[in-house]
Amino acid sequence: MSEVLQLPLIAIGALGGTVSMQVNAPGEGVTPSLSSEALLASLPQLEDLARITAQTLHLLPSASLTFIQLIDVLQWAKAQAEQGVQGIVLTQGTDTLEEVAYFLDLLWPYQTPLILTGAMRSPNQAGADGPANLLAAVQVALADESQGRGALVVINDQIHAAEHVRKTDSLAMAAFSSTHFGPEGLLVEGRVRYLKAPKPRCSLPVPERLDHRVALLEASLAADTLLLEEVAGLGYEGLVIAGFGAGHVSQQWARCVGQISHWMPVIMASRTGAGATALRSYGFIGGEMDLQRKGALMAGFLCPRKCRVLLWVLIGCGMEGELGRWLAAR
């Protein structure tokens, strides 16, 4: 008993997703149904690594998670950190894993590792990856080198920074990557091997406002401006545009951006999936130089989805005036 009490303590929170999904009737698709305790039952080897406390926070496909629910998850994780756990692991669906990780990373003020993981195959499929990913997540949470790195995504034996990781394939086992930046580290024979030193971190306060909305629109060939023209009138307080190439839009969209930026923050990101927005290359109407003159801010390497998360958090904190500084660091 004394040896068990000497093991470090890990808190696991289950949110749902493929890692928790099963077929409940023949011919039906999988749905979230496995509790955190059921997930742990598939990994008896965890008993030799740590004392585990587990709680089922939600049983949802990750596409249905909301910012308000995630703030509740954040408060649960904070309580675990303040009680002195070695690390915290969250299991969830992969569809919004990159966004949830970034949301929590922005708001995580502790040195305690906050690890997110999921699965590409449900437990009833051959070669299900959920148990291996959960084991790897616990191993990363236990590593002293994980302290002070904020929220990390651990999947497919890779460790990714929340800011850079993206889901880049819909169904493949190797669905996640950090384009240009690469993983922060790897798991090799169960050993955590970091490839990069931790960077200085700055967290944001938990938003006090929760009722605001930020729109995300994607530029496309010959797209009309009807939705753009209605954004302000529909009650949105911020706008992110996934633009062409290095952050460009049509001449018609550019005129709308110039008008909208008087009413709310506008971020121009790239829809390409890799690479940064430009700053001083293209001078045509709708190019990034024109859009900056019209009041838009360029996203840098931050993808459109995470731009929306960042802007929602900043508005909720009353810190939208800091948006330019946060984006400049991206």
# chains A, B, ... in the order shown; residues from 1 in each chain; ligands from 1
>>> residues_around(residues="Cys307 of chain A", least_positions_apart="5", cutoff="12 Å", atoms="only C-alpha atoms", output="ChimeraX atom specification")
/A:98-99,102-103,106,163-164,214-217,238-242,265-271,297-302,312-314,323-324,326-327,330
>>> select_by_dssp(residues="segment 99-267 of chain A", states="alpha helix (DSSP H)", output="NGL selection string")
:A and (99-107 or 130-142 or 226-230 or 251-260)
>>> write_last_selection(atoms="C-alpha atoms", output="PDB file, in the first residue's frame")
ATOM      1  CA  GLU A  99      -9.114  24.164 -31.318  1.00  0.00           C
ATOM      2  CA  VAL A 100      -9.857  22.879 -27.819  1.00  0.00           C
ATOM      3  CA  ALA A 101      -6.150  22.464 -27.092  1.00  0.00           C
ATOM      4  CA  TYR A 102      -5.429  26.031 -28.191  1.00  0.00           C
ATOM      5  CA  PHE A 103      -8.389  27.418 -26.212  1.00  0.00           C
ATOM      6  CA  LEU A 104      -7.171  25.730 -23.020  1.00  0.00           C
ATOM      7  CA  ASP A 105      -3.552  26.657 -23.707  1.00  0.00           C
ATOM      8  CA  LEU A 106      -4.451  30.352 -23.872  1.00  0.00           C
ATOM      9  CA  LEU A 107      -6.033  30.122 -20.417  1.00  0.00           C
ATOM     10  CA  GLY A 130      -7.300   4.963 -28.087  1.00  0.00           C
ATOM     11  CA  PRO A 131      -5.560   2.878 -25.387  1.00  0.00           C
ATOM     12  CA  ALA A 132      -2.095   3.538 -26.825  1.00  0.00           C
ATOM     13  CA  ASN A 133      -2.781   7.268 -27.081  1.00  0.00           C
ATOM     14  CA  LEU A 134      -4.122   7.415 -23.529  1.00  0.00           C
ATOM     15  CA  LEU A 135      -1.093   5.546 -22.200  1.00  0.00           C
ATOM     16  CA  ALA A 136       1.225   7.903 -24.091  1.00  0.00           C
ATOM     17  CA  ALA A 137      -0.665  10.935 -22.760  1.00  0.00           C
ATOM     18  CA  VAL A 138      -0.208   9.729 -19.178  1.00  0.00           C
ATOM     19  CA  GLN A 139       3.492   9.092 -19.808  1.00  0.00           C
ATOM     20  CA  VAL A 140       3.897  12.645 -21.129  1.00  0.00           C
ATOM     21  CA  ALA A 141       1.930  14.066 -18.190  1.00  0.00           C
ATOM     22  CA  LEU A 142       4.290  12.270 -15.808  1.00  0.00           C
ATOM     23  CA  LEU A 226     -24.018  39.162 -48.748  1.00  0.00           C
ATOM     24  CA  LEU A 227     -22.788  37.408 -45.590  1.00  0.00           C
ATOM     25  CA  LEU A 228     -20.008  39.957 -45.104  1.00  0.00           C
ATOM     26  CA  GLU A 229     -22.462  42.835 -45.372  1.00  0.00           C
ATOM     27  CA  GLU A 230     -24.670  41.279 -42.693  1.00  0.00           C
ATOM     28  CA  GLN A 251     -11.911  43.656 -54.507  1.00  0.00           C
ATOM     29  CA  GLN A 252     -15.565  43.399 -53.447  1.00  0.00           C
ATOM     30  CA  TRP A 253     -14.654  41.680 -50.178  1.00  0.00           C
ATOM     31  CA  ALA A 254     -11.889  44.217 -49.562  1.00  0.00           C
ATOM     32  CA  ARG A 255     -14.392  47.072 -49.646  1.00  0.00           C
ATOM     33  CA  CYS A 256     -16.504  45.245 -47.058  1.00  0.00           C
ATOM     34  CA  VAL A 257     -13.473  44.638 -44.865  1.00  0.00           C
ATOM     35  CA  GLY A 258     -12.743  48.358 -44.870  1.00  0.00           C
ATOM     36  CA  GLN A 259     -16.260  49.052 -43.605  1.00  0.00           C
ATOM     37  CA  ILE A 260     -16.434  46.218 -41.072  1.00  0.00           C
TER      38      ILE A 260
END
>>> atom_distance(atom1="atom CA of Thr56 of chain A", atom2="atom CA of Tyr110 of chain A")
22.3 Å
>>> residues_around(residues="Ser36 of chain A", least_positions_apart="2", cutoff="9 Å", atoms="only C-alpha atoms", output="PDB file with all heavy atoms, in the first residue's frame")
ATOM      1  N   ILE A  12      -7.593  12.321 -14.891  1.00  0.00           N
ATOM      2  CA  ILE A  12      -8.066  12.120 -16.263  1.00  0.00           C
ATOM      3  C   ILE A  12      -9.524  12.570 -16.356  1.00  0.00           C
ATOM      4  O   ILE A  12     -10.371  12.160 -15.558  1.00  0.00           O
ATOM      5  CB  ILE A  12      -7.945  10.649 -16.690  1.00  0.00           C
ATOM      6  CG1 ILE A  12      -6.468  10.228 -16.709  1.00  0.00           C
ATOM      7  CG2 ILE A  12      -8.572  10.431 -18.076  1.00  0.00           C
ATOM      8  CD1 ILE A  12      -6.244   8.777 -17.075  1.00  0.00           C
ATOM      9  N   GLY A  13      -9.799  13.418 -17.320  1.00  0.00           N
ATOM     10  CA  GLY A  13     -11.159  13.865 -17.595  1.00  0.00           C
ATOM     11  C   GLY A  13     -11.579  13.443 -18.982  1.00  0.00           C
ATOM     12  O   GLY A  13     -10.859  13.689 -19.960  1.00  0.00           O
ATOM     13  N   ALA A  14     -12.716  12.773 -19.094  1.00  0.00           N
ATOM     14  CA  ALA A  14     -13.218  12.291 -20.388  1.00  0.00           C
ATOM     15  C   ALA A  14     -14.299  13.225 -20.901  1.00  0.00           C
ATOM     16  O   ALA A  14     -15.223  13.578 -20.166  1.00  0.00           O
ATOM     17  CB  ALA A  14     -13.766  10.872 -20.245  1.00  0.00           C
ATOM     18  N   LEU A  15     -14.162  13.625 -22.162  1.00  0.00           N
ATOM     19  CA  LEU A  15     -15.137  14.517 -22.785  1.00  0.00           C
ATOM     20  C   LEU A  15     -15.967  13.821 -23.862  1.00  0.00           C
ATOM     21  O   LEU A  15     -16.924  14.404 -24.364  1.00  0.00           O
ATOM     22  CB  LEU A  15     -14.429  15.720 -23.413  1.00  0.00           C
ATOM     23  CG  LEU A  15     -13.506  16.539 -22.513  1.00  0.00           C
ATOM     24  CD1 LEU A  15     -12.971  17.750 -23.270  1.00  0.00           C
ATOM     25  CD2 LEU A  15     -14.211  16.970 -21.261  1.00  0.00           C
ATOM     26  N   GLY A  16     -15.593  12.606 -24.242  1.00  0.00           N
ATOM     27  CA  GLY A  16     -16.317  11.896 -25.298  1.00  0.00           C
ATOM     28  C   GLY A  16     -15.426  11.664 -26.500  1.00  0.00           C
ATOM     29  O   GLY A  16     -14.230  11.440 -26.372  1.00  0.00           O
ATOM     30  N   SER A  20     -14.162   7.177 -27.040  1.00  0.00           N
ATOM     31  CA  SER A  20     -15.177   6.661 -26.116  1.00  0.00           C
ATOM     32  C   SER A  20     -16.380   6.047 -26.827  1.00  0.00           C
ATOM     33  O   SER A  20     -17.381   5.738 -26.194  1.00  0.00           O
ATOM     34  CB  SER A  20     -15.681   7.800 -25.217  1.00  0.00           C
ATOM     35  OG  SER A  20     -16.438   8.735 -25.968  1.00  0.00           O
ATOM     36  N   LEU A  34     -18.590   5.311 -23.651  1.00  0.00           N
ATOM     37  CA  LEU A  34     -17.675   4.784 -22.645  1.00  0.00           C
ATOM     38  C   LEU A  34     -17.272   5.865 -21.653  1.00  0.00           C
ATOM     39  O   LEU A  34     -16.822   6.935 -22.039  1.00  0.00           O
ATOM     40  CB  LEU A  34     -16.414   4.211 -23.303  1.00  0.00           C
ATOM     41  CG  LEU A  34     -16.583   2.941 -24.146  1.00  0.00           C
ATOM     42  CD1 LEU A  34     -15.245   2.548 -24.746  1.00  0.00           C
ATOM     43  CD2 LEU A  34     -17.138   1.808 -23.302  1.00  0.00           C
ATOM     44  N   ALA A  38     -14.350   3.148 -17.881  1.00  0.00           N
ATOM     45  CA  ALA A  38     -14.299   2.107 -18.909  1.00  0.00           C
ATOM     46  C   ALA A  38     -13.050   2.252 -19.774  1.00  0.00           C
ATOM     47  O   ALA A  38     -12.444   1.257 -20.179  1.00  0.00           O
ATOM     48  CB  ALA A  38     -15.564   2.163 -19.766  1.00  0.00           C
ATOM     49  N   LEU A  39     -12.656   3.496 -20.060  1.00  0.00           N
ATOM     50  CA  LEU A  39     -11.432   3.710 -20.828  1.00  0.00           C
ATOM     51  C   LEU A  39     -10.215   3.187 -20.071  1.00  0.00           C
ATOM     52  O   LEU A  39      -9.325   2.563 -20.652  1.00  0.00           O
ATOM     53  CB  LEU A  39     -11.254   5.199 -21.124  1.00  0.00           C
ATOM     54  CG  LEU A  39     -12.272   5.857 -22.058  1.00  0.00           C
ATOM     55  CD1 LEU A  39     -12.012   7.351 -22.155  1.00  0.00           C
ATOM     56  CD2 LEU A  39     -12.253   5.233 -23.436  1.00  0.00           C
ATOM     57  N   LEU A  40     -10.184   3.418 -18.778  1.00  0.00           N
ATOM     58  CA  LEU A  40      -9.049   2.993 -17.970  1.00  0.00           C
ATOM     59  C   LEU A  40      -8.977   1.481 -17.827  1.00  0.00           C
ATOM     60  O   LEU A  40      -7.892   0.915 -17.642  1.00  0.00           O
ATOM     61  CB  LEU A  40      -9.125   3.639 -16.587  1.00  0.00           C
ATOM     62  CG  LEU A  40      -8.912   5.142 -16.548  1.00  0.00           C
ATOM     63  CD1 LEU A  40      -9.121   5.673 -15.139  1.00  0.00           C
ATOM     64  CD2 LEU A  40      -7.529   5.507 -17.040  1.00  0.00           C
ATOM     65  N   ALA A  41     -10.125   0.826 -17.932  1.00  0.00           N
ATOM     66  CA  ALA A  41     -10.144  -0.627 -17.769  1.00  0.00           C
ATOM     67  C   ALA A  41      -9.317  -1.327 -18.840  1.00  0.00           C
ATOM     68  O   ALA A  41      -8.863  -2.456 -18.635  1.00  0.00           O
ATOM     69  CB  ALA A  41     -11.590  -1.130 -17.801  1.00  0.00           C
ATOM     70  N   ALA A  54     -10.273   9.572 -12.108  1.00  0.00           N
ATOM     71  CA  ALA A  54     -10.924   9.736 -13.410  1.00  0.00           C
ATOM     72  C   ALA A  54     -12.340  10.264 -13.232  1.00  0.00           C
ATOM     73  O   ALA A  54     -13.043   9.887 -12.295  1.00  0.00           O
ATOM     74  CB  ALA A  54     -10.954   8.410 -14.163  1.00  0.00           C
ATOM     75  N   GLN A  55     -12.724  11.138 -14.153  1.00  0.00           N
ATOM     76  CA  GLN A  55     -14.077  11.694 -14.116  1.00  0.00           C
ATOM     77  C   GLN A  55     -14.586  11.868 -15.539  1.00  0.00           C
ATOM     78  O   GLN A  55     -13.845  12.317 -16.428  1.00  0.00           O
ATOM     79  CB  GLN A  55     -14.087  13.035 -13.391  1.00  0.00           C
ATOM     80  CG  GLN A  55     -15.489  13.603 -13.188  1.00  0.00           C
ATOM     81  CD  GLN A  55     -15.496  14.794 -12.250  1.00  0.00           C
ATOM     82  OE1 GLN A  55     -14.529  15.035 -11.512  1.00  0.00           O
ATOM     83  NE2 GLN A  55     -16.574  15.548 -12.259  1.00  0.00           N
ATOM     84  N   THR A  56     -15.830  11.498 -15.756  1.00  0.00           N
ATOM     85  CA  THR A  56     -16.479  11.717 -17.047  1.00  0.00           C
ATOM     86  C   THR A  56     -17.118  13.095 -17.014  1.00  0.00           C
ATOM     87  O   THR A  56     -18.111  13.319 -16.323  1.00  0.00           O
ATOM     88  CB  THR A  56     -17.540  10.639 -17.323  1.00  0.00           C
ATOM     89  OG1 THR A  56     -16.917   9.346 -17.296  1.00  0.00           O
ATOM     90  CG2 THR A  56     -18.186  10.864 -18.692  1.00  0.00           C
ATOM     91  N   LEU A  57     -16.546  14.034 -17.749  1.00  0.00           N
ATOM     92  CA  LEU A  57     -17.033  15.413 -17.763  1.00  0.00           C
ATOM     93  C   LEU A  57     -18.129  15.618 -18.792  1.00  0.00           C
ATOM     94  O   LEU A  57     -19.084  16.368 -18.562  1.00  0.00           O
ATOM     95  CB  LEU A  57     -15.871  16.366 -18.038  1.00  0.00           C
ATOM     96  CG  LEU A  57     -14.683  16.249 -17.074  1.00  0.00           C
ATOM     97  CD1 LEU A  57     -13.531  17.144 -17.526  1.00  0.00           C
ATOM     98  CD2 LEU A  57     -15.094  16.589 -15.655  1.00  0.00           C
ATOM     99  N   THR A  91      -9.399  13.385 -22.550  1.00  0.00           N
ATOM    100  CA  THR A  91      -9.681  12.604 -23.755  1.00  0.00           C
ATOM    101  C   THR A  91     -10.894  13.207 -24.441  1.00  0.00           C
ATOM    102  O   THR A  91     -11.889  13.538 -23.789  1.00  0.00           O
ATOM    103  CB  THR A  91      -9.941  11.131 -23.419  1.00  0.00           C
ATOM    104  OG1 THR A  91     -11.106  11.019 -22.582  1.00  0.00           O
ATOM    105  CG2 THR A  91      -8.753  10.517 -22.702  1.00  0.00           C
TER     106      THR A  91
END
>>> closest_residue(among="A:Val206, A:Glu28, A:Met264, A:Gly150", to="Val73 of chain A", atoms="only C-alpha atoms")
A:Val206
